[in-house]
Amino acid sequence: MKVSIVIPVYNKEAYVRHCLTQALSQTYDDYEVIAVDDGSTDTSGTICDDMASQHPRLRVLHCENGGVTAARRRGVEAARTPYIMFCDSDDYLLPHALHDVMETMEAYRADEVIAPYQNQYGVVHDSRNRGLTAPTDIIKDFLAQHNNFPPIWGILLRKDIIMDGCLDIPRDIYLGEDILFHVRYLTKASKVVCIGHSNYVYNEGITSYPKINLPYESRYDELMQSALQPVWTDIEPFFRLRQLKVYEKFLDTQQFDVCEGYYQQQLQGKLSTHIPLADRLVFALPPRIAYYLVHAYKRWLQKKPTAAL
């Protein structure tokens, strides 16, 4: 076998059967599916076992709840193949997903293959990159919080690179852990290829996220900055842009107290011309005034129509 589809599963009984059915219906035939039941308290694990009894290609691992990163790591460790693709249990792969990425991986002898993805309404998220793409360009896109590249799922990766510390992420990192993983991977990858066919359906709006808070964001900054050290000279302005975007989220929720402390220390004198003028203007204004600009812009984005491609 050449590819393992690793699917972490936690309390997704309404979605996991469809997810596994799609994973088991690939047009490519040299692969296995590994579902990692991360201590589910609903019937998710039972559904996985029931399907495994009918599909020899599917293996199910049961473990105590350790979080999504630990579940992914457990699945990768158990994989019998050199290549890995991740899928979340409330999303699903399109039938041609493995065929498209494996064909490209072998043609280019690449370290990673990335395809566009779409949401359940058919809206495609596409970086428009094609062919060989500089890993640092993808990192810059992540840090700018553009939603063009899939954070972790639906992309084809090499197991040996993943196991080189990419999934050694503390459990207390539960938001953005997928991007942190991908950034770590990209600093180790030398040949990344982008293709044009969407291969993954991401169900938006299913997961709810806790309110943004400063202790978490400062901890995340430390881990991200550490991950970026191999490319820091080129990437620092984009790391500062990410910090500024998070600062704007704090403004939008009127958490002004964090703005005048941590972010002043982190960003003062570090905003280069690589950062859009509008964002630099937000930082230059007093937080309670900048709030009105940020809030109005975010409301406009919410009302802006988005057409399916």
# chains A, B, ... in the order shown; residues from 1 in each chain; ligands from 1
call {"tool": "residues_around", "arguments": {"residues": "Leu167 (chain A)", "least_positions_apart": "6", "cutoff": "7 Å", "atoms": "only C-alpha atoms", "output": "NGL selection string"}}
result
:A and (69 or 73 or 181)
call {"tool": "select_by_dssp", "arguments": {"residues": "region 30-233 of chain A", "states": "helix (DSSP H, G or I)", "output": "MDAnalysis selection string"}}
result
chainID A and resid 44:52 68:78 97:108 135:143 159:162 177:188 214:227 229:233
call {"tool": "closest_residue", "arguments": {"among": "A:Ser218, A:Thr273, A:Ser198, A:Ser127", "to": "Phe142 (chain A)", "atoms": "only C-alpha atoms"}}
result
A:Ser127
call {"tool": "residues_around", "arguments": {"residues": "region 285-291 of chain A", "least_positions_apart": "6", "cutoff": "10 Å", "atoms": "only C-alpha atoms", "output": "JSON, numbers by chain"}}
result
{"A": [247, 248, 249, 250, 251, 252, 253, 254, 255, 256, 257, 258, 259, 260, 279, 297]}
call {"tool": "closest_residue", "arguments": {"among": "A:Gly66, A:Pro56, A:Gly75, A:Pro82", "to": "Leu156 (chain A)", "atoms": "only C-alpha atoms"}}
result
A:Pro82
call {"tool": "residues_around", "arguments": {"residues": "Gly269 (chain A)", "least_positions_apart": "4", "cutoff": "12 Å", "atoms": "only C-alpha atoms", "output": "ChimeraX atom specification"}}
result
/A:237,240,263-265,273,280,283-284
call {"tool": "residues_around", "arguments": {"residues": "Arg59 (chain A)", "least_positions_apart": "4", "cutoff": "9 Å", "atoms": "only C-alpha atoms", "output": "list in words"}}
result
Glu32, Val33, Ile34, Ala35, Val36, Cys48, Asp49, Ala52 and His55 of chain A
call {"tool": "write_last_selection", "arguments": {"atoms": "all heavy atoms", "output": "PDB file, in the first residue's frame"}}
result
ATOM      1  N   GLU A  32      -5.153   2.448   2.584  1.00  0.00           N
ATOM      2  CA  GLU A  32      -5.869   2.000   3.772  1.00  0.00           C
ATOM      3  C   GLU A  32      -6.503   3.209   4.444  1.00  0.00           C
ATOM      4  O   GLU A  32      -6.110   4.369   4.201  1.00  0.00           O
ATOM      5  CB  GLU A  32      -4.933   1.290   4.751  1.00  0.00           C
ATOM      6  CG  GLU A  32      -3.861   2.207   5.340  1.00  0.00           C
ATOM      7  CD  GLU A  32      -2.983   1.520   6.390  1.00  0.00           C
ATOM      8  OE1 GLU A  32      -3.290   0.380   6.780  1.00  0.00           O
ATOM      9  OE2 GLU A  32      -1.989   2.159   6.821  1.00  0.00           O
ATOM     10  N   VAL A  33      -7.503   2.950   5.281  1.00  0.00           N
ATOM     11  CA  VAL A  33      -8.150   3.999   6.065  1.00  0.00           C
ATOM     12  C   VAL A  33      -7.968   3.653   7.534  1.00  0.00           C
ATOM     13  O   VAL A  33      -8.230   2.526   7.965  1.00  0.00           O
ATOM     14  CB  VAL A  33      -9.655   4.110   5.735  1.00  0.00           C
ATOM     15  CG1 VAL A  33     -10.309   5.195   6.595  1.00  0.00           C
ATOM     16  CG2 VAL A  33      -9.856   4.405   4.250  1.00  0.00           C
ATOM     17  N   ILE A  34      -7.495   4.619   8.319  1.00  0.00           N
ATOM     18  CA  ILE A  34      -7.296   4.428   9.756  1.00  0.00           C
ATOM     19  C   ILE A  34      -8.166   5.431  10.494  1.00  0.00           C
ATOM     20  O   ILE A  34      -7.937   6.649  10.421  1.00  0.00           O
ATOM     21  CB  ILE A  34      -5.826   4.623  10.158  1.00  0.00           C
ATOM     22  CG1 ILE A  34      -4.923   3.647   9.379  1.00  0.00           C
ATOM     23  CG2 ILE A  34      -5.656   4.426  11.663  1.00  0.00           C
ATOM     24  CD1 ILE A  34      -3.443   3.889   9.613  1.00  0.00           C
ATOM     25  N   ALA A  35      -9.188   4.940  11.183  1.00  0.00           N
ATOM     26  CA  ALA A  35     -10.034   5.792  12.024  1.00  0.00           C
ATOM     27  C   ALA A  35      -9.533   5.693  13.458  1.00  0.00           C
ATOM     28  O   ALA A  35      -9.386   4.584  13.993  1.00  0.00           O
ATOM     29  CB  ALA A  35     -11.490   5.351  11.931  1.00  0.00           C
ATOM     30  N   VAL A  36      -9.255   6.824  14.072  1.00  0.00           N
ATOM     31  CA  VAL A  36      -8.758   6.845  15.446  1.00  0.00           C
ATOM     32  C   VAL A  36      -9.855   7.391  16.343  1.00  0.00           C
ATOM     33  O   VAL A  36     -10.132   8.601  16.358  1.00  0.00           O
ATOM     34  CB  VAL A  36      -7.487   7.704  15.574  1.00  0.00           C
ATOM     35  CG1 VAL A  36      -6.930   7.614  17.000  1.00  0.00           C
ATOM     36  CG2 VAL A  36      -6.431   7.260  14.561  1.00  0.00           C
ATOM     37  N   CYS A  48     -17.652   3.085  13.752  1.00  0.00           N
ATOM     38  CA  CYS A  48     -16.376   2.760  13.105  1.00  0.00           C
ATOM     39  C   CYS A  48     -16.132   1.259  13.114  1.00  0.00           C
ATOM     40  O   CYS A  48     -15.734   0.665  12.095  1.00  0.00           O
ATOM     41  CB  CYS A  48     -15.234   3.479  13.819  1.00  0.00           C
ATOM     42  SG  CYS A  48     -15.230   5.277  13.629  1.00  0.00           S
ATOM     43  N   ASP A  49     -16.355   0.623  14.266  1.00  0.00           N
ATOM     44  CA  ASP A  49     -16.144  -0.829  14.367  1.00  0.00           C
ATOM     45  C   ASP A  49     -17.079  -1.597  13.438  1.00  0.00           C
ATOM     46  O   ASP A  49     -16.674  -2.577  12.795  1.00  0.00           O
ATOM     47  CB  ASP A  49     -16.355  -1.283  15.812  1.00  0.00           C
ATOM     48  CG  ASP A  49     -15.231  -0.848  16.742  1.00  0.00           C
ATOM     49  OD1 ASP A  49     -14.111  -0.607  16.246  1.00  0.00           O
ATOM     50  OD2 ASP A  49     -15.483  -0.744  17.952  1.00  0.00           O
ATOM     51  N   ALA A  52     -15.762  -1.287   9.980  1.00  0.00           N
ATOM     52  CA  ALA A  52     -14.518  -2.043   9.800  1.00  0.00           C
ATOM     53  C   ALA A  52     -14.794  -3.532   9.613  1.00  0.00           C
ATOM     54  O   ALA A  52     -14.046  -4.224   8.901  1.00  0.00           O
ATOM     55  CB  ALA A  52     -13.604  -1.817  10.989  1.00  0.00           C
ATOM     56  N   HIS A  55     -15.449  -3.796   5.926  1.00  0.00           N
ATOM     57  CA  HIS A  55     -14.478  -3.245   4.980  1.00  0.00           C
ATOM     58  C   HIS A  55     -13.061  -3.563   5.456  1.00  0.00           C
ATOM     59  O   HIS A  55     -12.552  -2.891   6.361  1.00  0.00           O
ATOM     60  CB  HIS A  55     -14.652  -1.730   4.849  1.00  0.00           C
ATOM     61  CG  HIS A  55     -15.985  -1.301   4.318  1.00  0.00           C
ATOM     62  ND1 HIS A  55     -16.259  -1.247   2.968  1.00  0.00           N
ATOM     63  CD2 HIS A  55     -17.128  -0.931   4.953  1.00  0.00           C
ATOM     64  CE1 HIS A  55     -17.505  -0.843   2.787  1.00  0.00           C
ATOM     65  NE2 HIS A  55     -18.061  -0.653   3.974  1.00  0.00           N
TER      66      HIS A  55
END
call {"tool": "atom_distance", "arguments": {"atom1": "CA of Asp90 (chain A)", "atom2": "CA of Asp126 (chain A)"}}
result
20.8 Å
call {"tool": "residues_around", "arguments": {"residues": "Ala23 (chain A)", "least_positions_apart": "2", "cutoff": "12 Å", "atoms": "only C-alpha atoms", "output": "CSV table (one decimal) with all heavy atoms, in the first residue's frame"}}
result
chain,number,residue,atom,x,y,z
A,3,VAL,N,-0.8,4.7,0.5
A,3,VAL,CA,-1.4,5.9,1.2
A,3,VAL,C,-2.2,5.4,2.4
A,3,VAL,O,-3.0,4.4,2.2
A,3,VAL,CB,-2.2,6.7,0.3
A,3,VAL,CG1,-2.6,8.0,1.0
A,3,VAL,CG2,-1.6,7.0,-1.0
A,4,SER,N,-2.2,6.1,3.5
A,4,SER,CA,-3.1,5.9,4.6
A,4,SER,C,-3.9,7.2,4.8
A,4,SER,O,-3.3,8.3,4.9
A,4,SER,CB,-2.3,5.6,5.9
A,4,SER,OG,-1.6,4.5,5.8
A,5,ILE,N,-5.2,7.0,4.8
A,5,ILE,CA,-6.1,8.2,5.2
A,5,ILE,C,-6.3,8.1,6.7
A,5,ILE,O,-6.9,7.1,7.1
A,5,ILE,CB,-7.4,8.1,4.4
A,5,ILE,CG1,-7.2,8.1,2.9
A,5,ILE,CG2,-8.4,9.2,4.8
A,5,ILE,CD1,-8.5,7.9,2.1
A,6,VAL,N,-5.9,9.1,7.4
A,6,VAL,CA,-6.0,9.1,8.9
A,6,VAL,C,-7.1,10.0,9.3
A,6,VAL,O,-7.1,11.2,8.9
A,6,VAL,CB,-4.7,9.5,9.5
A,6,VAL,CG1,-4.8,9.6,11.0
A,6,VAL,CG2,-3.6,8.5,9.2
A,7,ILE,N,-8.1,9.4,10.0
A,7,ILE,CA,-9.3,10.2,10.4
A,7,ILE,C,-9.5,10.2,11.9
A,7,ILE,O,-9.9,9.1,12.5
A,7,ILE,CB,-10.6,9.6,9.7
A,7,ILE,CG1,-10.4,9.5,8.2
A,7,ILE,CG2,-11.8,10.4,10.1
A,7,ILE,CD1,-11.5,8.8,7.5
A,16,VAL,N,-19.8,10.6,10.9
A,16,VAL,CA,-18.6,9.7,10.7
A,16,VAL,C,-18.9,8.6,9.7
A,16,VAL,O,-18.0,8.2,8.9
A,16,VAL,CB,-18.1,9.1,12.0
A,16,VAL,CG1,-19.1,8.1,12.7
A,16,VAL,CG2,-16.8,8.4,11.8
A,17,ARG,N,-20.1,8.1,9.6
A,17,ARG,CA,-20.4,7.0,8.7
A,17,ARG,C,-20.3,7.5,7.2
A,17,ARG,O,-19.7,6.8,6.4
A,17,ARG,CB,-21.8,6.5,8.9
A,17,ARG,CG,-22.2,5.2,8.0
A,17,ARG,CD,-23.6,4.7,8.3
A,17,ARG,NE,-23.7,4.2,9.6
A,17,ARG,CZ,-23.3,3.0,10.0
A,17,ARG,NH1,-22.8,2.2,9.2
A,17,ARG,NH2,-23.5,2.6,11.3
A,18,HIS,N,-20.8,8.7,7.0
A,18,HIS,CA,-20.6,9.3,5.6
A,18,HIS,C,-19.2,9.5,5.3
A,18,HIS,O,-18.7,9.3,4.2
A,18,HIS,CB,-21.4,10.5,5.5
A,18,HIS,CG,-21.4,11.1,4.1
A,18,HIS,ND1,-20.8,12.3,3.8
A,18,HIS,CD2,-21.9,10.7,2.9
A,18,HIS,CE1,-20.9,12.6,2.5
A,18,HIS,NE2,-21.5,11.6,2.0
A,19,CYS,N,-18.4,10.1,6.3
A,19,CYS,CA,-17.0,10.3,6.1
A,19,CYS,C,-16.3,9.1,5.7
A,19,CYS,O,-15.5,9.0,4.8
A,19,CYS,CB,-16.4,10.9,7.4
A,19,CYS,SG,-14.6,11.2,7.3
A,20,LEU,N,-16.5,8.0,6.5
A,20,LEU,CA,-15.8,6.7,6.2
A,20,LEU,C,-16.3,6.1,4.9
A,20,LEU,O,-15.4,5.5,4.1
A,20,LEU,CB,-16.0,5.7,7.3
A,20,LEU,CG,-15.4,6.1,8.7
A,20,LEU,CD1,-15.8,5.1,9.8
A,20,LEU,CD2,-13.9,6.2,8.5
A,21,THR,N,-17.5,6.2,4.6
A,21,THR,CA,-18.0,5.7,3.3
A,21,THR,C,-17.3,6.4,2.1
A,21,THR,O,-16.9,5.7,1.2
A,21,THR,CB,-19.5,5.9,3.2
A,21,THR,OG1,-20.2,5.2,4.2
A,21,THR,CG2,-20.1,5.4,1.8
A,25,SER,N,-14.5,4.8,-0.7
A,25,SER,CA,-15.0,4.8,-2.1
A,25,SER,C,-14.1,5.5,-3.1
A,25,SER,O,-14.5,6.1,-4.1
A,25,SER,CB,-16.4,5.5,-2.1
A,25,SER,OG,-17.3,4.8,-1.2
A,26,GLN,N,-12.8,5.5,-2.8
A,26,GLN,CA,-11.8,6.2,-3.7
A,26,GLN,C,-11.6,5.5,-5.0
A,26,GLN,O,-11.6,4.2,-5.0
A,26,GLN,CB,-10.5,6.4,-2.9
A,26,GLN,CG,-10.5,7.4,-1.7
A,26,GLN,CD,-10.9,8.8,-2.2
A,26,GLN,OE1,-10.1,9.4,-2.9
A,26,GLN,NE2,-12.0,9.3,-1.7
A,27,THR,N,-11.4,6.2,-6.0
A,27,THR,CA,-11.1,5.6,-7.3
A,27,THR,C,-9.7,5.0,-7.3
A,27,THR,O,-9.4,4.1,-8.1
A,27,THR,CB,-11.2,6.6,-8.5
A,27,THR,OG1,-10.3,7.7,-8.2
A,27,THR,CG2,-12.7,7.1,-8.6
A,28,TYR,N,-8.8,5.5,-6.5
A,28,TYR,CA,-7.4,4.9,-6.3
A,28,TYR,C,-7.6,3.7,-5.4
A,28,TYR,O,-8.4,3.7,-4.5
A,28,TYR,CB,-6.6,6.0,-5.7
A,28,TYR,CG,-5.1,5.7,-5.5
A,28,TYR,CD1,-4.2,5.8,-6.6
A,28,TYR,CD2,-4.6,5.2,-4.3
A,28,TYR,CE1,-2.9,5.5,-6.5
A,28,TYR,CE2,-3.2,4.8,-4.2
A,28,TYR,CZ,-2.4,5.0,-5.3
A,28,TYR,OH,-1.1,4.7,-5.2
A,29,ASP,N,-6.8,2.7,-5.6
A,29,ASP,CA,-7.1,1.4,-4.9
A,29,ASP,C,-5.9,1.0,-4.0
A,29,ASP,O,-6.1,0.0,-3.3
A,29,ASP,CB,-7.4,0.3,-5.9
A,29,ASP,CG,-6.3,0.0,-6.8
A,29,ASP,OD1,-5.2,0.6,-6.7
A,29,ASP,OD2,-6.5,-0.9,-7.7
A,31,TYR,N,-4.5,1.8,-1.0
A,31,TYR,CA,-4.6,2.6,0.3
A,31,TYR,C,-5.3,1.9,1.4
A,31,TYR,O,-6.0,0.9,1.2
A,31,TYR,CB,-5.3,3.9,0.0
A,31,TYR,CG,-6.8,3.9,-0.2
A,31,TYR,CD1,-7.6,4.3,0.8
A,31,TYR,CD2,-7.3,3.4,-1.4
A,31,TYR,CE1,-9.0,4.3,0.7
A,31,TYR,CE2,-8.7,3.4,-1.5
A,31,TYR,CZ,-9.5,3.8,-0.5
A,31,TYR,OH,-10.9,3.8,-0.6
A,32,GLU,N,-5.2,2.4,2.6
A,32,GLU,CA,-5.9,2.0,3.8
A,32,GLU,C,-6.5,3.2,4.4
A,32,GLU,O,-6.1,4.4,4.2
A,32,GLU,CB,-4.9,1.3,4.8
A,32,GLU,CG,-3.9,2.2,5.3
A,32,GLU,CD,-3.0,1.5,6.4
A,32,GLU,OE1,-3.3,0.4,6.8
A,32,GLU,OE2,-2.0,2.2,6.8
A,33,VAL,N,-7.5,2.9,5.3
A,33,VAL,CA,-8.1,4.0,6.1
A,33,VAL,C,-8.0,3.7,7.5
A,33,VAL,O,-8.2,2.5,8.0
A,33,VAL,CB,-9.7,4.1,5.7
A,33,VAL,CG1,-10.3,5.2,6.6
A,33,VAL,CG2,-9.9,4.4,4.2
A,34,ILE,N,-7.5,4.6,8.3
A,34,ILE,CA,-7.3,4.4,9.8
A,34,ILE,C,-8.2,5.4,10.5
A,34,ILE,O,-7.9,6.6,10.4
A,34,ILE,CB,-5.8,4.6,10.2
A,34,ILE,CG1,-4.9,3.6,9.4
A,34,ILE,CG2,-5.7,4.4,11.7
A,34,ILE,CD1,-3.4,3.9,9.6
A,35,ALA,N,-9.2,4.9,11.2
A,35,ALA,CA,-10.0,5.8,12.0
A,35,ALA,C,-9.5,5.7,13.5
A,35,ALA,O,-9.4,4.6,14.0
A,35,ALA,CB,-11.5,5.4,11.9
A,51,MET,N,-18.4,-0.6,10.6
A,51,MET,CA,-17.9,-0.4,9.2
A,51,MET,C,-16.7,-1.2,9.0
A,51,MET,O,-16.5,-1.8,7.9
A,51,MET,CB,-17.7,1.0,8.9
A,51,MET,CG,-19.1,1.8,8.9
A,51,MET,SD,-18.9,3.5,8.2
A,51,MET,CE,-18.6,3.1,6.5
A,55,HIS,N,-15.4,-3.8,5.9
A,55,HIS,CA,-14.5,-3.2,5.0
A,55,HIS,C,-13.1,-3.6,5.5
A,55,HIS,O,-12.6,-2.9,6.4
A,55,HIS,CB,-14.7,-1.7,4.8
A,55,HIS,CG,-16.0,-1.3,4.3
A,55,HIS,ND1,-16.3,-1.2,3.0
A,55,HIS,CD2,-17.1,-0.9,5.0
A,55,HIS,CE1,-17.5,-0.8,2.8
A,55,HIS,NE2,-18.1,-0.7,4.0
A,57,ARG,N,-10.3,-2.8,4.3
A,57,ARG,CA,-9.4,-1.7,4.1
A,57,ARG,C,-9.4,-0.7,5.3
A,57,ARG,O,-8.5,0.1,5.5
A,57,ARG,CB,-9.9,-0.9,2.9
A,57,ARG,CG,-8.8,0.1,2.3
A,57,ARG,CD,-9.4,0.9,1.2
A,57,ARG,NE,-9.8,0.2,0.0
A,57,ARG,CZ,-9.0,-0.2,-0.9
A,57,ARG,NH1,-7.7,0.1,-0.8
A,57,ARG,NH2,-9.4,-0.9,-2.0
A,58,LEU,N,-10.4,-0.8,6.2
A,58,LEU,CA,-10.6,0.1,7.3
A,58,LEU,C,-10.1,-0.5,8.6
A,58,LEU,O,-10.4,-1.6,9.0
A,58,LEU,CB,-12.0,0.5,7.5
A,58,LEU,CG,-12.4,1.3,8.7
A,58,LEU,CD1,-11.7,2.6,8.8
A,58,LEU,CD2,-13.9,1.5,8.8
A,85,MET,N,-2.7,11.1,4.2
A,85,MET,CA,-3.7,12.1,4.0
A,85,MET,C,-4.6,12.2,5.2
A,85,MET,O,-5.1,11.1,5.7
A,85,MET,CB,-4.5,11.9,2.7
A,85,MET,CG,-5.6,12.9,2.5
A,85,MET,SD,-6.6,12.6,1.0
A,85,MET,CE,-5.5,13.4,-0.2
A,86,PHE,N,-4.9,13.4,5.7
A,86,PHE,CA,-5.8,13.5,6.8
A,86,PHE,C,-7.2,13.9,6.4
A,86,PHE,O,-7.3,14.7,5.4
A,86,PHE,CB,-5.3,14.6,7.8
A,86,PHE,CG,-4.0,14.3,8.5
A,86,PHE,CD1,-2.8,14.9,8.2
A,86,PHE,CD2,-4.0,13.3,9.5
A,86,PHE,CE1,-1.6,14.6,8.8
A,86,PHE,CE2,-2.8,12.9,10.2
A,86,PHE,CZ,-1.6,13.6,9.8
A,87,CYS,N,-8.2,13.5,7.1
A,87,CYS,CA,-9.6,13.9,6.9
A,87,CYS,C,-10.2,14.0,8.2
A,87,CYS,O,-10.0,13.1,9.1
A,87,CYS,CB,-10.3,12.8,6.0
A,87,CYS,SG,-12.0,13.2,5.6
A,88,ASP,N,-11.0,15.1,8.5
A,88,ASP,CA,-11.8,15.2,9.7
A,88,ASP,C,-13.1,14.4,9.6
A,88,ASP,O,-13.6,14.3,8.5
A,88,ASP,CB,-12.0,16.7,10.0
A,88,ASP,CG,-10.8,17.4,10.5
A,88,ASP,OD1,-9.8,16.7,10.8
A,88,ASP,OD2,-10.8,18.6,10.7
A,89,SER,N,-13.5,13.9,10.7
A,89,SER,CA,-14.7,13.0,10.6
A,89,SER,C,-16.0,13.7,10.4
A,89,SER,O,-17.0,13.0,10.1
A,89,SER,CB,-14.8,12.2,11.9
A,89,SER,OG,-14.9,13.1,13.1
A,91,ASP,N,-16.1,15.9,7.9
A,91,ASP,CA,-16.0,16.3,6.5
A,91,ASP,C,-15.9,15.1,5.6
A,91,ASP,O,-16.1,14.0,6.1
A,91,ASP,CB,-14.7,17.1,6.3
A,91,ASP,CG,-14.6,18.4,7.2
A,91,ASP,OD1,-15.7,19.0,7.5
A,91,ASP,OD2,-13.5,18.8,7.6
A,92,TYR,N,-15.5,15.2,4.4
A,92,TYR,CA,-15.4,14.0,3.6
A,92,TYR,C,-14.5,14.3,2.3
A,92,TYR,O,-14.5,15.4,1.8
A,92,TYR,CB,-16.7,13.4,3.2
A,92,TYR,CG,-17.7,14.2,2.4
A,92,TYR,CD1,-17.7,14.2,1.0
A,92,TYR,CD2,-18.6,15.1,3.0
A,92,TYR,CE1,-18.6,14.9,0.3
A,92,TYR,CE2,-19.5,15.8,2.3
A,92,TYR,CZ,-19.5,15.8,0.9
A,92,TYR,OH,-20.4,16.5,0.2
A,93,LEU,N,-13.9,13.2,1.8
A,93,LEU,CA,-13.1,13.3,0.6
A,93,LEU,C,-14.0,13.0,-0.6
A,93,LEU,O,-14.9,12.2,-0.6
A,93,LEU,CB,-12.0,12.2,0.6
A,93,LEU,CG,-10.9,12.5,1.6
A,93,LEU,CD1,-10.1,11.2,1.8
A,93,LEU,CD2,-10.0,13.6,1.2
A,94,LEU,N,-13.7,13.7,-1.7
A,94,LEU,CA,-14.4,13.4,-3.0
A,94,LEU,C,-13.7,12.1,-3.6
A,94,LEU,O,-12.6,11.8,-3.3
A,94,LEU,CB,-14.3,14.6,-3.9
A,94,LEU,CG,-15.0,15.8,-3.5
A,94,LEU,CD1,-14.7,17.0,-4.4
A,94,LEU,CD2,-16.5,15.6,-3.4
A,95,PRO,N,-14.5,11.4,-4.4
A,95,PRO,CA,-14.0,10.1,-4.9
A,95,PRO,C,-12.6,10.0,-5.5
A,95,PRO,O,-11.9,9.1,-5.4
A,95,PRO,CB,-15.1,9.6,-5.8
A,95,PRO,CG,-16.3,10.3,-5.4
A,95,PRO,CD,-15.8,11.7,-4.9
A,96,HIS,N,-12.3,11.1,-6.2
A,96,HIS,CA,-11.0,11.1,-7.0
A,96,HIS,C,-9.8,11.7,-6.2
A,96,HIS,O,-8.7,11.9,-6.7
A,96,HIS,CB,-11.2,12.0,-8.2
A,96,HIS,CG,-11.7,13.4,-7.9
A,96,HIS,ND1,-10.9,14.4,-7.5
A,96,HIS,CD2,-12.9,13.9,-7.9
A,96,HIS,CE1,-11.6,15.5,-7.3
A,96,HIS,NE2,-12.8,15.2,-7.5
A,97,ALA,N,-10.0,12.0,-4.9
A,97,ALA,CA,-9.1,12.7,-4.1
A,97,ALA,C,-7.7,12.0,-4.1
A,97,ALA,O,-6.7,12.7,-4.4
A,97,ALA,CB,-9.6,12.9,-2.7
A,98,LEU,N,-7.6,10.8,-3.8
A,98,LEU,CA,-6.3,10.1,-3.7
A,98,LEU,C,-5.7,10.0,-5.1
A,98,LEU,O,-4.5,10.1,-5.2
A,98,LEU,CB,-6.5,8.7,-3.1
A,98,LEU,CG,-6.6,8.6,-1.6
A,98,LEU,CD1,-6.7,7.2,-1.1
A,98,LEU,CD2,-5.5,9.4,-0.9
A,154,GLY,N,-7.0,16.7,3.4
A,154,GLY,CA,-7.1,16.6,1.9
A,154,GLY,C,-5.8,16.9,1.2
A,154,GLY,O,-5.8,17.0,-0.1
A,199,ASN,N,-10.7,18.4,-4.0
A,199,ASN,CA,-10.8,17.0,-3.6
A,199,ASN,C,-11.4,16.8,-2.2
A,199,ASN,O,-11.5,15.6,-1.8
A,199,ASN,CB,-9.4,16.4,-3.7
A,199,ASN,CG,-8.5,16.8,-2.6
A,199,ASN,OD1,-8.8,17.8,-1.8
A,199,ASN,ND2,-7.3,16.2,-2.5
A,200,TYR,N,-11.8,17.8,-1.5
A,200,TYR,CA,-12.2,17.7,-0.1
A,200,TYR,C,-13.4,18.6,0.1
A,200,TYR,O,-13.5,19.8,-0.3
A,200,TYR,CB,-11.1,18.1,0.8
A,200,TYR,CG,-11.2,17.8,2.2
A,200,TYR,CD1,-10.7,16.7,2.8
A,200,TYR,CD2,-11.9,18.7,3.1
A,200,TYR,CE1,-10.8,16.4,4.2
A,200,TYR,CE2,-12.0,18.5,4.5
A,200,TYR,CZ,-11.5,17.3,5.0
A,200,TYR,OH,-11.6,17.1,6.3
A,201,VAL,N,-14.4,18.1,0.9
A,201,VAL,CA,-15.5,19.0,1.3
A,201,VAL,C,-15.5,19.2,2.8
A,201,VAL,O,-15.5,18.3,3.6
A,201,VAL,CB,-16.9,18.3,1.0
A,201,VAL,CG1,-18.1,19.1,1.5
A,201,VAL,CG2,-17.0,18.0,-0.5
call {"tool": "closest_residue", "arguments": {"among": "A:Ile179, A:Ile139, A:Val76, A:Ile47", "to": "Asp160 (chain A)", "atoms": "only C-alpha atoms"}}
result
A:Val76
call {"tool": "residues_around", "arguments": {"residues": "Ile173 (chain A)", "least_positions_apart": "6", "cutoff": "10 Å", "atoms": "only C-alpha atoms", "output": "list in words"}}
result
Gly67, Val68, Thr69, Leu180, Tyr216, Glu217, Arg219, Tyr220 and Leu223 of chain A
